[in-house]
>>> print(open('target.txt').read())   # compact mmCIF, C-alpha atoms and all ligand atoms
# COMPACT_ATOMS: atom_id res chain seq x y z
CA MET A 1 0.00 0.00 0.00
CA ARG A 2 1.23 3.49 -0.84
CA GLY A 3 1.36 6.38 1.62
CA TYR A 4 -1.57 8.81 1.90
CA VAL A 5 -2.86 11.68 4.03
CA PHE A 6 -5.59 10.59 6.48
CA GLU A 7 -8.23 13.01 7.79
CA ARG A 8 -11.50 12.81 9.70
CA PRO A 9 -13.84 15.66 8.78
CA GLY A 10 -16.67 16.36 11.23
CA THR A 11 -19.21 17.89 8.87
CA VAL A 12 -20.43 17.24 5.34
CA GLU A 13 -19.33 20.77 4.33
CA ASP A 14 -15.84 20.11 5.66
CA ALA A 15 -15.62 16.72 3.90
CA VAL A 16 -16.66 18.22 0.58
CA ARG A 17 -14.31 21.20 1.01
CA ARG A 18 -11.34 18.87 1.65
CA SER A 19 -12.12 16.43 -1.17
CA GLY A 20 -10.93 16.44 -4.77
CA SER A 21 -9.93 14.16 -7.63
CA ASP A 22 -7.15 12.50 -5.57
CA THR A 23 -9.42 11.79 -2.58
CA ALA A 24 -11.18 8.62 -1.46
CA PHE A 25 -13.88 8.61 1.19
CA LEU A 26 -13.54 5.82 3.75
CA ALA A 27 -16.85 4.42 5.03
CA GLY A 28 -16.65 0.76 6.13
CA GLY A 29 -13.37 0.33 4.25
CA THR A 30 -14.26 -3.24 3.24
CA THR A 31 -13.58 -2.52 -0.43
CA LEU A 32 -11.39 0.56 -0.34
CA VAL A 33 -8.70 -0.88 1.94
CA ASP A 34 -8.59 -4.08 -0.11
CA LEU A 35 -8.05 -2.16 -3.34
CA MET A 36 -5.46 0.12 -1.73
CA LYS A 37 -3.50 -2.91 -0.52
CA LEU A 38 -3.56 -4.32 -4.05
CA GLU A 39 -2.56 -0.84 -5.35
CA VAL A 40 -5.56 -0.85 -7.68
CA MET A 41 -6.65 2.38 -5.98
CA ASN A 42 -3.96 4.80 -4.81
CA PRO A 43 -5.64 7.89 -3.34
CA GLY A 44 -3.34 10.63 -2.06
CA ARG A 45 -5.85 11.56 0.62
CA VAL A 46 -8.30 9.37 2.53
CA LEU A 47 -11.19 11.10 4.31
CA ASP A 48 -12.81 8.95 7.00
CA ILE A 49 -16.47 10.05 6.78
CA ASN A 50 -17.81 8.05 9.73
CA ARG A 51 -18.24 11.16 11.91
CA LEU A 52 -20.60 12.77 9.39
CA PRO A 53 -24.32 12.82 10.27
CA LEU A 54 -25.27 10.49 7.43
CA HIS A 55 -26.47 7.56 9.53
CA GLY A 56 -30.05 6.43 10.06
CA ILE A 57 -33.12 5.15 8.26
CA ASP A 58 -36.41 7.07 8.01
CA VAL A 59 -39.73 5.89 6.66
CA THR A 60 -41.54 9.01 5.48
CA ALA A 61 -44.80 9.76 3.69
CA ASP A 62 -43.01 9.63 0.35
CA GLY A 63 -40.98 6.46 0.93
CA LEU A 64 -37.75 5.40 2.57
CA ARG A 65 -34.65 7.49 3.24
CA ILE A 66 -31.42 5.67 4.02
CA GLY A 67 -28.32 7.57 5.15
CA ALA A 68 -25.16 6.78 3.17
CA LEU A 69 -23.45 5.59 6.36
CA ALA A 70 -26.23 3.26 7.50
CA ARG A 71 -24.69 -0.21 7.73
CA MET A 72 -25.90 -2.99 5.44
CA SER A 73 -26.86 -5.21 8.40
CA GLU A 74 -28.76 -2.36 10.08
CA VAL A 75 -30.87 -1.67 6.96
CA ALA A 76 -31.48 -5.38 6.34
CA ALA A 77 -32.68 -5.91 9.92
CA ASP A 78 -34.93 -2.84 10.11
CA PRO A 79 -38.49 -4.21 10.54
CA ARG A 80 -39.96 -1.37 8.46
CA VAL A 81 -37.67 -2.18 5.52
CA ARG A 82 -38.27 -5.90 5.95
CA ARG A 83 -42.06 -5.39 5.85
CA ALA A 84 -42.34 -2.72 3.13
CA TYR A 85 -39.46 -3.69 0.81
CA PRO A 86 -38.54 -7.36 1.36
CA MET A 87 -36.40 -7.38 -1.80
CA LEU A 88 -34.05 -4.85 -0.16
CA THR A 89 -33.60 -7.00 2.94
CA GLN A 90 -33.08 -10.12 0.82
CA ALA A 91 -30.56 -8.39 -1.48
CA LEU A 92 -28.60 -7.16 1.53
CA GLU A 93 -28.74 -10.44 3.42
CA SER A 94 -27.46 -12.34 0.39
CA SER A 95 -24.46 -9.99 0.05
CA ALA A 96 -20.95 -10.66 1.39
CA SER A 97 -20.92 -12.07 4.95
CA GLY A 98 -22.34 -11.10 8.35
CA GLN A 99 -19.09 -9.48 9.48
CA LEU A 100 -18.72 -7.51 6.25
CA ARG A 101 -22.34 -6.33 6.41
CA ASN A 102 -21.79 -5.03 9.94
CA MET A 103 -18.95 -2.82 8.69
CA ALA A 104 -20.07 -1.97 5.17
CA SER A 105 -22.18 1.10 4.43
CA ILE A 106 -24.96 1.68 1.89
CA GLY A 107 -22.97 4.40 0.07
CA GLY A 108 -19.87 2.20 -0.09
CA ASN A 109 -21.90 -0.73 -1.39
CA LEU A 110 -23.21 1.33 -4.29
CA LEU A 111 -19.68 2.47 -5.17
CA GLN A 112 -17.85 -0.84 -4.85
CA ARG A 113 -15.75 -1.69 -7.89
CA THR A 114 -16.15 -4.65 -10.23
CA ARG A 115 -14.83 -8.06 -9.15
CA CYS A 116 -13.26 -8.74 -12.59
CA GLY A 117 -10.04 -10.59 -11.74
CA TYR A 118 -8.00 -8.63 -14.29
CA PHE A 119 -9.09 -5.36 -12.70
CA ARG A 120 -7.77 -6.51 -9.32
CA GLU A 121 -4.44 -7.81 -10.70
CA VAL A 122 -2.25 -4.80 -11.42
CA SER A 123 0.29 -6.77 -13.48
CA THR A 124 -2.32 -7.29 -16.24
CA PRO A 125 -3.78 -4.71 -18.66
CA CYS A 126 -7.26 -3.40 -17.87
CA ASN A 127 -9.03 -0.44 -19.50
CA LYS A 128 -10.99 0.28 -16.35
CA ARG A 129 -7.88 0.49 -14.18
CA ARG A 130 -5.45 1.84 -16.80
CA PRO A 131 -7.38 3.45 -19.70
CA GLY A 132 -6.13 2.40 -23.13
CA SER A 133 -4.19 -0.66 -21.90
CA GLY A 134 -6.72 -3.21 -23.26
CA CYS A 135 -9.28 -5.69 -21.96
CA PRO A 136 -7.94 -9.23 -21.54
CA ALA A 137 -11.38 -10.45 -20.37
CA VAL A 138 -12.90 -10.13 -23.86
CA GLU A 139 -10.89 -13.14 -25.04
CA GLY A 140 -9.77 -14.47 -21.66
CA GLU A 141 -11.47 -15.75 -18.51
CA ASN A 142 -15.00 -14.34 -18.75
CA ARG A 143 -17.39 -16.85 -17.17
CA MET A 144 -18.59 -14.32 -14.57
CA HIS A 145 -18.66 -11.39 -17.00
CA ALA A 146 -21.53 -9.42 -18.52
CA VAL A 147 -23.78 -10.20 -21.49
CA LEU A 148 -25.68 -6.90 -21.46
CA GLY A 149 -24.31 -3.38 -21.94
CA THR A 150 -20.80 -4.53 -22.82
CA SER A 151 -18.37 -2.84 -25.22
CA GLY A 152 -15.08 -3.90 -26.80
CA SER A 153 -13.40 -1.90 -24.02
CA CYS A 154 -14.94 -3.64 -20.99
CA VAL A 155 -17.23 -6.58 -20.23
CA ALA A 156 -17.19 -6.48 -16.42
CA THR A 157 -20.39 -6.89 -14.40
CA HIS A 158 -21.55 -4.48 -11.76
CA PRO A 159 -21.27 -6.35 -8.45
CA SER A 160 -23.77 -4.76 -6.01
CA ASP A 161 -26.88 -6.81 -5.12
CA LEU A 162 -28.49 -3.88 -3.36
CA ALA A 163 -28.20 -1.69 -6.48
CA VAL A 164 -30.25 -4.20 -8.50
CA ALA A 165 -33.12 -4.04 -5.99
CA LEU A 166 -32.88 -0.24 -5.74
CA VAL A 167 -33.00 0.12 -9.54
CA ALA A 168 -36.15 -2.03 -9.61
CA LEU A 169 -37.68 0.33 -7.04
CA ASP A 170 -36.75 3.53 -8.95
CA ALA A 171 -34.52 4.72 -6.11
CA THR A 172 -32.52 7.96 -6.31
CA VAL A 173 -29.16 8.89 -4.77
CA ARG A 174 -28.57 12.20 -3.01
CA LEU A 175 -25.19 13.74 -3.81
CA ARG A 176 -23.33 16.63 -2.23
CA GLY A 177 -20.41 18.41 -3.87
CA ARG A 178 -18.82 21.83 -3.90
CA ASP A 179 -21.55 23.06 -6.24
CA GLY A 180 -24.29 22.01 -3.83
CA GLU A 181 -26.76 19.14 -3.69
CA ARG A 182 -28.37 17.15 -6.47
CA THR A 183 -30.45 14.00 -6.83
CA VAL A 184 -29.91 11.39 -9.55
CA PRO A 185 -32.03 8.31 -10.37
CA LEU A 186 -29.86 5.28 -9.60
CA ARG A 187 -30.80 3.83 -12.97
CA GLU A 188 -29.01 6.76 -14.67
CA PHE A 189 -26.25 7.07 -12.07
CA TYR A 190 -24.33 4.05 -13.40
CA LEU A 191 -22.70 4.54 -16.81
CA LEU A 192 -22.24 2.03 -19.61
CA PRO A 193 -18.53 1.29 -20.29
CA GLY A 194 -18.43 2.45 -23.94
CA ASP A 195 -14.90 3.62 -24.72
CA THR A 196 -14.39 5.00 -21.20
CA PRO A 197 -14.94 2.16 -18.73
CA GLN A 198 -12.92 4.04 -16.11
CA HIS A 199 -15.96 6.35 -15.70
CA GLU A 200 -18.37 4.09 -13.84
CA HIS A 201 -20.88 6.57 -12.49
CA ASP A 202 -22.13 10.11 -12.63
CA LEU A 203 -20.22 11.21 -9.51
CA ARG A 204 -18.17 14.36 -9.91
CA PRO A 205 -14.66 14.51 -8.39
CA GLY A 206 -14.92 14.94 -4.64
CA GLU A 207 -18.70 14.46 -4.58
CA LEU A 208 -20.20 12.54 -1.67
CA ILE A 209 -23.24 10.25 -1.62
CA THR A 210 -25.26 11.50 1.34
CA GLY A 211 -28.18 9.10 1.09
CA VAL A 212 -30.63 7.04 -0.91
CA HIS A 213 -34.35 7.63 -1.38
CA VAL A 214 -36.72 4.80 -2.26
CA PRO A 215 -40.11 6.11 -3.45
CA GLY A 216 -43.20 4.78 -1.71
CA LEU A 217 -44.58 1.76 -3.58
CA ASP A 218 -47.15 0.00 -1.43
CA TRP A 219 -47.13 -3.18 -3.55
CA ALA A 220 -43.35 -3.53 -3.02
CA ARG A 221 -44.30 -5.51 0.09
CA HIS A 222 -44.87 -8.27 -2.50
CA SER A 223 -41.31 -8.23 -3.77
CA LEU A 224 -38.42 -10.66 -3.81
CA TYR A 225 -34.69 -10.81 -4.55
CA LEU A 226 -33.35 -14.13 -5.80
CA LYS A 227 -29.61 -14.68 -6.14
CA VAL A 228 -28.00 -17.59 -8.00
CA ARG A 229 -24.33 -18.15 -7.22
CA ASP A 230 -21.63 -20.81 -7.16
CA ARG A 231 -21.74 -21.08 -3.34
CA ARG A 232 -24.70 -20.58 -1.00
CA SER A 233 -23.01 -17.70 0.84
CA TYR A 234 -20.12 -15.27 0.67
CA GLU A 235 -20.24 -15.14 -3.12
CA PHE A 236 -21.17 -12.60 -5.79
CA ALA A 237 -24.15 -13.22 -8.12
CA LEU A 238 -23.78 -15.31 -11.22
CA SER A 239 -27.34 -14.19 -11.82
CA SER A 240 -29.98 -12.44 -9.74
CA ALA A 241 -33.46 -11.00 -10.11
CA ALA A 242 -35.37 -8.37 -8.15
CA VAL A 243 -39.10 -8.69 -8.82
CA ALA A 244 -42.32 -7.08 -7.57
CA LEU A 245 -45.86 -7.65 -8.82
CA ARG A 246 -49.13 -5.83 -8.33
CA THR A 247 -52.00 -8.18 -9.13
CA ALA A 248 -55.78 -7.96 -9.07
CA GLY A 249 -57.96 -11.06 -9.26
CA GLY A 250 -55.13 -13.21 -10.62
CA THR A 251 -54.13 -10.68 -13.30
CA ILE A 252 -50.84 -8.78 -13.20
CA VAL A 253 -51.49 -5.04 -13.18
CA GLU A 254 -47.91 -3.78 -12.87
CA ALA A 255 -44.47 -5.35 -12.55
CA ARG A 256 -40.92 -4.40 -11.65
CA VAL A 257 -38.03 -6.58 -12.84
CA ALA A 258 -34.27 -5.95 -12.67
CA VAL A 259 -31.38 -8.39 -12.96
CA GLY A 260 -27.84 -8.63 -11.59
CA GLY A 261 -24.80 -10.59 -12.74
CA MET A 262 -25.78 -9.94 -16.36
CA GLY A 263 -25.08 -6.30 -17.09
CA THR A 264 -22.25 -3.82 -16.88
CA ARG A 265 -24.64 -1.96 -14.59
CA PRO A 266 -27.71 -3.08 -12.62
CA TRP A 267 -30.16 -3.94 -15.39
CA ARG A 268 -33.83 -2.96 -15.41
CA LEU A 269 -35.98 -4.91 -17.89
CA PRO A 270 -38.90 -2.75 -19.11
CA ALA A 271 -39.74 -5.20 -21.94
CA VAL A 272 -40.26 -7.98 -19.37
CA GLU A 273 -42.37 -5.66 -17.23
CA ARG A 274 -44.56 -4.79 -20.25
CA ALA A 275 -44.92 -8.45 -21.18
CA LEU A 276 -46.16 -9.25 -17.66
CA ALA A 277 -48.70 -6.42 -17.33
CA GLY A 278 -52.29 -7.31 -18.16
CA ARG A 279 -51.63 -11.07 -18.24
CA PRO A 280 -52.69 -13.83 -15.85
CA ALA A 281 -50.14 -14.50 -13.08
CA THR A 282 -49.13 -17.95 -14.34
CA GLU A 283 -45.87 -19.76 -15.08
CA ALA A 284 -46.62 -19.54 -18.82
CA THR A 285 -46.87 -15.74 -18.58
CA TYR A 286 -43.63 -15.58 -16.57
CA ALA A 287 -41.79 -17.74 -19.12
CA ALA A 288 -43.06 -15.73 -22.10
CA ALA A 289 -42.10 -12.46 -20.41
CA ALA A 290 -38.66 -13.73 -19.33
CA ALA A 291 -37.94 -14.72 -22.96
CA THR A 292 -37.89 -11.00 -23.84
CA ALA A 293 -35.09 -10.42 -21.30
CA VAL A 294 -32.46 -11.80 -23.64
CA GLU A 295 -33.00 -9.22 -26.39
CA GLY A 296 -29.63 -7.68 -27.20
CA VAL A 297 -27.49 -10.08 -25.14
CA ARG A 298 -23.90 -10.65 -26.30
CA PRO A 299 -22.51 -13.80 -24.68
CA LEU A 300 -18.75 -14.35 -24.44
CA ARG A 301 -16.79 -17.57 -24.88
CA HIS A 302 -17.25 -18.81 -21.29
CA ASN A 303 -20.65 -17.39 -20.38
CA ALA A 304 -22.96 -18.54 -23.20
CA PHE A 305 -25.08 -20.16 -20.46
CA LYS A 306 -26.01 -16.78 -18.97
CA PRO A 307 -29.00 -15.78 -21.16
CA GLU A 308 -30.78 -19.04 -20.33
CA LEU A 309 -29.81 -18.66 -16.68
CA MET A 310 -31.24 -15.13 -16.69
CA LYS A 311 -34.59 -16.34 -18.02
CA ARG A 312 -34.76 -19.13 -15.46
CA THR A 313 -33.79 -16.83 -12.61
CA ILE A 314 -36.60 -14.41 -13.49
CA VAL A 315 -39.20 -17.20 -13.77
CA ARG A 316 -38.08 -18.79 -10.49
CA ALA A 317 -38.14 -15.43 -8.72
CA LEU A 318 -41.70 -14.79 -9.91
CA LEU A 319 -42.84 -18.28 -8.87
CA GLU A 320 -41.24 -17.88 -5.44
CA LEU A 321 -42.88 -14.49 -5.08
CA GLU A 322 -46.26 -16.09 -5.80
CA ARG A 323 -45.63 -18.59 -3.00
CA THR A 324 -45.01 -15.80 -0.45
CA ARG A 325 -48.47 -14.25 -0.94
C1 LIG B 401 -15.28 -11.11 0.33
C2 LIG B 401 -16.32 -10.12 -0.08
C3 LIG B 401 -17.53 -10.57 -0.58
C4 LIG B 401 -18.49 -9.65 -0.96
N1 LIG B 401 -19.69 -10.09 -1.47
C5 LIG B 401 -20.62 -9.18 -1.90
C6 LIG B 401 -21.85 -9.59 -2.47
O1 LIG B 401 -22.13 -10.77 -2.59
N2 LIG B 401 -22.71 -8.63 -2.87
C7 LIG B 401 -22.46 -7.29 -2.74
O2 LIG B 401 -23.29 -6.46 -3.10
N3 LIG B 401 -21.31 -6.88 -2.21
C8 LIG B 401 -20.40 -7.78 -1.79
N4 LIG B 401 -19.22 -7.36 -1.26
C9 LIG B 401 -18.91 -5.94 -1.30
C10 LIG B 401 -19.30 -5.26 -0.01
O3 LIG B 401 -20.69 -5.19 0.05
C11 LIG B 401 -18.65 -3.88 -0.12
O4 LIG B 401 -17.30 -4.09 0.20
C12 LIG B 401 -19.23 -2.90 0.83
O5 LIG B 401 -20.60 -2.71 0.66
C13 LIG B 401 -18.54 -1.55 0.66
O6 LIG B 401 -18.98 -0.70 1.69
P1 LIG B 401 -17.95 0.09 2.57
O7 LIG B 401 -18.75 1.02 3.42
O8 LIG B 401 -17.02 -0.83 3.28
O9 LIG B 401 -17.18 0.91 1.44
P2 LIG B 401 -15.70 1.45 1.42
O10 LIG B 401 -14.76 0.32 1.20
O11 LIG B 401 -15.44 2.34 2.57
O12 LIG B 401 -15.79 2.35 0.11
C14 LIG B 401 -16.00 1.78 -1.17
C15 LIG B 401 -15.88 2.88 -2.22
O13 LIG B 401 -16.93 3.81 -2.08
C16 LIG B 401 -16.45 5.11 -1.80
N5 LIG B 401 -17.40 5.67 -0.83
C17 LIG B 401 -17.85 5.06 0.31
N6 LIG B 401 -18.82 5.80 0.85
C18 LIG B 401 -19.00 6.87 0.04
C19 LIG B 401 -19.89 7.98 0.05
N7 LIG B 401 -20.83 8.14 1.00
N8 LIG B 401 -19.80 8.90 -0.95
C20 LIG B 401 -18.86 8.78 -1.93
N9 LIG B 401 -18.00 7.75 -1.99
C21 LIG B 401 -18.09 6.80 -1.02
C22 LIG B 401 -15.05 4.91 -1.28
O14 LIG B 401 -14.22 6.04 -1.49
C23 LIG B 401 -14.61 3.70 -2.09
O15 LIG B 401 -14.19 4.09 -3.37
C24 LIG B 401 -18.24 -8.26 -0.83
C25 LIG B 401 -17.03 -7.80 -0.30
C26 LIG B 401 -16.08 -8.72 0.07
C27 LIG B 401 -14.78 -8.21 0.62
S1 LIG B 402 -13.63 -6.48 -18.26
FE1 LIG B 402 -13.32 -4.34 -17.68
S2 LIG B 402 -12.50 -4.54 -15.63
FE2 LIG B 402 -12.19 -6.53 -16.61
S3 LIG B 402 -10.19 -6.45 -17.66
FE3 LIG B 402 -11.69 -5.76 -19.12
S4 LIG B 402 -11.61 -3.54 -18.87
FE4 LIG B 402 -10.76 -4.38 -17.03
>>> encode(input="target.txt", output="structure tokens")
Amino acid sequence: MRGYVFERPGTVEDAVRRSGSDTAFLAGGTTLVDLMKLEVMNPGRVLDINRLPLHGIDVTADGLRIGALARMSEVAADPRVRRAYPMLTQALESSASGQLRNMASIGGNLLQRTRCGYFREVSTPCNKRRPGSGCPAVEGENRMHAVLGTSGSCVATHPSDLAVALVALDATVRLRGRDGERTVPLREFYLLPGDTPQHEHDLRPGELITGVHVPGLDWARHSLYLKVRDRRSYEFALSSAAVALRTAGGTIVEARVAVGGMGTRPWRLPAVERALAGRPATEATYAAAAATAVEGVRPLRHNAFKPELMKRTIVRALLELERTR
């Protein structure tokens, strides 16, 4: 690990004033410290933000507000979240491990970096880590990599489970920088790799995530997050689906569907949602709708199984959701 300046600002204003392009904010440190040890990230200044008043969870008339420093385990265990947005609890509880979730924050989870092995190995080229150096994953080891939203420059998946559920719920992130505050839909916050995979999100240099807002959606109490992975715990998603259905008399009125492990960012599936709406809530409907999920997929040499896995994950998630009613 390289040397750096370490500071502990006491206010959001102070944190923002001290931050810049060479700064990293330290929340739980469960990703940042790892990447600093590997010398994948080498910030000149680390600002420990844990003293900032960005903790807490509030259920308000217009939805759910989660502070950027709320811990993953705290949000997952909150009875109000558990009751109103089960897919959030399930996404969090299927992430990382109990110890990591106790340390890791919501803001840090949304800004974790990809788990592409080439990205984490500094002796190899990687366009995301060193722009213009190449992408060995396109022809190399790419079983875990993306089939949606890829480019010739980068095919890495976005790793956060929580982000998939939040995208399904139309959540927004609150940001604070030197130019003031702004709010961005999470769905637009993450950028496609294109020719600049080093730019992963719409966060300006030195800008801080202060919190997340999940709009009120009363039928989200009928929601579910299903994660398919190589091991039952302590493993990133090979495939995942966040689903919610509003039904009336056995007919689907409205649906929310997003998938993880497939895209270069958390992937909402409006075509699947449209194919579900107005149809009977049956396995045949789920299968027909899930078939539209694979439009535009571009499998790689080692992950040609992923489109089929995506369809099955969506159908299984919808069937499991039906069983929880
Ligand atoms: C072994 C292992 C397994 C894991 N498995 C999963 C999994 O299955 N699913 C999953 O979703 N995650 C998984 N994770 C990732 C884990 O969830 C993240 O490490 C964690 O959420 C990051 O939170 P943190 O608070 O520790 O972030 P930090 O490590 O402190 O920060 C991460 C990044 O976010 C930036 N940052 C943090 N907070 C803010 C803020 N408020 N504003 C601006 N920038 C900020 C930091 O500067 C840094 O770049 C795993 C991690 C490990 C180590
Ligand atoms: S897939 Fe992306 S992160 Fe992985 S090596 Fe290629 S450029 Fe780097």
>>> closest_residue(input="target.txt", among="A:Cys135, A:Ile252, A:Val214, A:Leu319", to="ligand LIG 402 (chain B)", atoms="only C-alpha atoms and all ligand atoms")
A:Cys135
>>> atom_distance(input="target.txt", atom1="atom CA of Arg174 of chain A", atom2="atom O6 of ligand LIG 401 (chain B)")
16.7 Å
>>> closest_residue(input="target.txt", among="A:Val253, A:Val59, A:Ala76, A:Ala288", to="Glu93 of chain A", atoms="all atoms listed in the file")
A:Ala76
>>> atom_distance(input="target.txt", atom1="atom C3 of ligand LIG 401 (chain B)", atom2="atom CA of Arg229 of chain A")
12.2 Å
>>> residues_near_ligand(input="target.txt", ligand="ligand LIG 402 (chain B)", cutoff="12 Å", atoms="only C-alpha atoms and all ligand atoms", output="PyMOL selection string")
chain A and resi 40+113-147+149-159+192-200+263-265+300
>>> residues_near_ligand(input="target.txt", ligand="ligand LIG 401 (chain B)", cutoff="7 Å", atoms="only C-alpha atoms and all ligand atoms", output="PyMOL selection string")
chain A and resi 24-33+68-69+94-97+100-101+103-112+159-162+207-210+234-237
>>> write_last_selection(input="target.txt", atoms="C-alpha atoms", output="PDB file, keeping the file's coordinate frame")
ATOM      1  CA  ALA A  24     -11.180   8.620  -1.460  1.00  0.00           C
ATOM      2  CA  PHE A  25     -13.880   8.610   1.190  1.00  0.00           C
ATOM      3  CA  LEU A  26     -13.540   5.820   3.750  1.00  0.00           C
ATOM      4  CA  ALA A  27     -16.850   4.420   5.030  1.00  0.00           C
ATOM      5  CA  GLY A  28     -16.650   0.760   6.130  1.00  0.00           C
ATOM      6  CA  GLY A  29     -13.370   0.330   4.250  1.00  0.00           C
ATOM      7  CA  THR A  30     -14.260  -3.240   3.240  1.00  0.00           C
ATOM      8  CA  THR A  31     -13.580  -2.520  -0.430  1.00  0.00           C
ATOM      9  CA  LEU A  32     -11.390   0.560  -0.340  1.00  0.00           C
ATOM     10  CA  VAL A  33      -8.700  -0.880   1.940  1.00  0.00           C
ATOM     11  CA  ALA A  68     -25.160   6.780   3.170  1.00  0.00           C
ATOM     12  CA  LEU A  69     -23.450   5.590   6.360  1.00  0.00           C
ATOM     13  CA  SER A  94     -27.460 -12.340   0.390  1.00  0.00           C
ATOM     14  CA  SER A  95     -24.460  -9.990   0.050  1.00  0.00           C
ATOM     15  CA  ALA A  96     -20.950 -10.660   1.390  1.00  0.00           C
ATOM     16  CA  SER A  97     -20.920 -12.070   4.950  1.00  0.00           C
ATOM     17  CA  LEU A 100     -18.720  -7.510   6.250  1.00  0.00           C
ATOM     18  CA  ARG A 101     -22.340  -6.330   6.410  1.00  0.00           C
ATOM     19  CA  MET A 103     -18.950  -2.820   8.690  1.00  0.00           C
ATOM     20  CA  ALA A 104     -20.070  -1.970   5.170  1.00  0.00           C
ATOM     21  CA  SER A 105     -22.180   1.100   4.430  1.00  0.00           C
ATOM     22  CA  ILE A 106     -24.960   1.680   1.890  1.00  0.00           C
ATOM     23  CA  GLY A 107     -22.970   4.400   0.070  1.00  0.00           C
ATOM     24  CA  GLY A 108     -19.870   2.200  -0.090  1.00  0.00           C
ATOM     25  CA  ASN A 109     -21.900  -0.730  -1.390  1.00  0.00           C
ATOM     26  CA  LEU A 110     -23.210   1.330  -4.290  1.00  0.00           C
ATOM     27  CA  LEU A 111     -19.680   2.470  -5.170  1.00  0.00           C
ATOM     28  CA  GLN A 112     -17.850  -0.840  -4.850  1.00  0.00           C
ATOM     29  CA  PRO A 159     -21.270  -6.350  -8.450  1.00  0.00           C
ATOM     30  CA  SER A 160     -23.770  -4.760  -6.010  1.00  0.00           C
ATOM     31  CA  ASP A 161     -26.880  -6.810  -5.120  1.00  0.00           C
ATOM     32  CA  LEU A 162     -28.490  -3.880  -3.360  1.00  0.00           C
ATOM     33  CA  GLU A 207     -18.700  14.460  -4.580  1.00  0.00           C
ATOM     34  CA  LEU A 208     -20.200  12.540  -1.670  1.00  0.00           C
ATOM     35  CA  ILE A 209     -23.240  10.250  -1.620  1.00  0.00           C
ATOM     36  CA  THR A 210     -25.260  11.500   1.340  1.00  0.00           C
ATOM     37  CA  TYR A 234     -20.120 -15.270   0.670  1.00  0.00           C
ATOM     38  CA  GLU A 235     -20.240 -15.140  -3.120  1.00  0.00           C
ATOM     39  CA  PHE A 236     -21.170 -12.600  -5.790  1.00  0.00           C
ATOM     40  CA  ALA A 237     -24.150 -13.220  -8.120  1.00  0.00           C
TER      41      ALA A 237
END
>>> closest_residue(input="target.txt", among="A:Leu238, A:Val315, A:Val259, A:Val167", to="Pro215 of chain A", atoms="only C-alpha atoms")
A:Val167
>>> closest_residue(input="target.txt", among="A:Ala258, A:Met72, A:Ala242, A:Leu224", to="Arg323 of chain A", atoms="only C-alpha atoms")
A:Leu224
>>> residues_near_point(input="target.txt", point="(-33.4, 9.2, 4.4)", cutoff="8 Å", atoms="all atoms listed in the file", output="PyMOL selection string")
chain A and resi 56-59+64-67+211-213
>>> residues_around(input="target.txt", residues="Arg325 of chain A", least_positions_apart="2", cutoff="10 Å", atoms="all atoms listed in the file", output="PDB file with C-alpha atoms, keeping the file's coordinate frame")
ATOM      1  CA  ARG A 221     -44.300  -5.510   0.090  1.00  0.00           C
ATOM      2  CA  HIS A 222     -44.870  -8.270  -2.500  1.00  0.00           C
ATOM      3  CA  SER A 223     -41.310  -8.230  -3.770  1.00  0.00           C
ATOM      4  CA  GLU A 320     -41.240 -17.880  -5.440  1.00  0.00           C
ATOM      5  CA  LEU A 321     -42.880 -14.490  -5.080  1.00  0.00           C
ATOM      6  CA  GLU A 322     -46.260 -16.090  -5.800  1.00  0.00           C
ATOM      7  CA  ARG A 323     -45.630 -18.590  -3.000  1.00  0.00           C
TER       8      ARG A 323
END
>>> atom_distance(input="target.txt", atom1="atom CA of Thr292 of chain A", atom2="atom CA of Ile314 of chain A")
11.0 Å
>>> residues_near_point(input="target.txt", point="(-7.7, 17.4, -1.0)", cutoff="12 Å", atoms="only C-alpha atoms", output="list in words")
Tyr4, Val5, Phe6, Glu7, Pro9, Asp14, Ala15, Val16, Arg17, Arg18, Ser19, Gly20, Ser21, Asp22, Thr23, Ala24, Phe25, Pro43, Gly44, Arg45, Val46, Leu47, Pro205, Gly206 and Glu207 of chain A
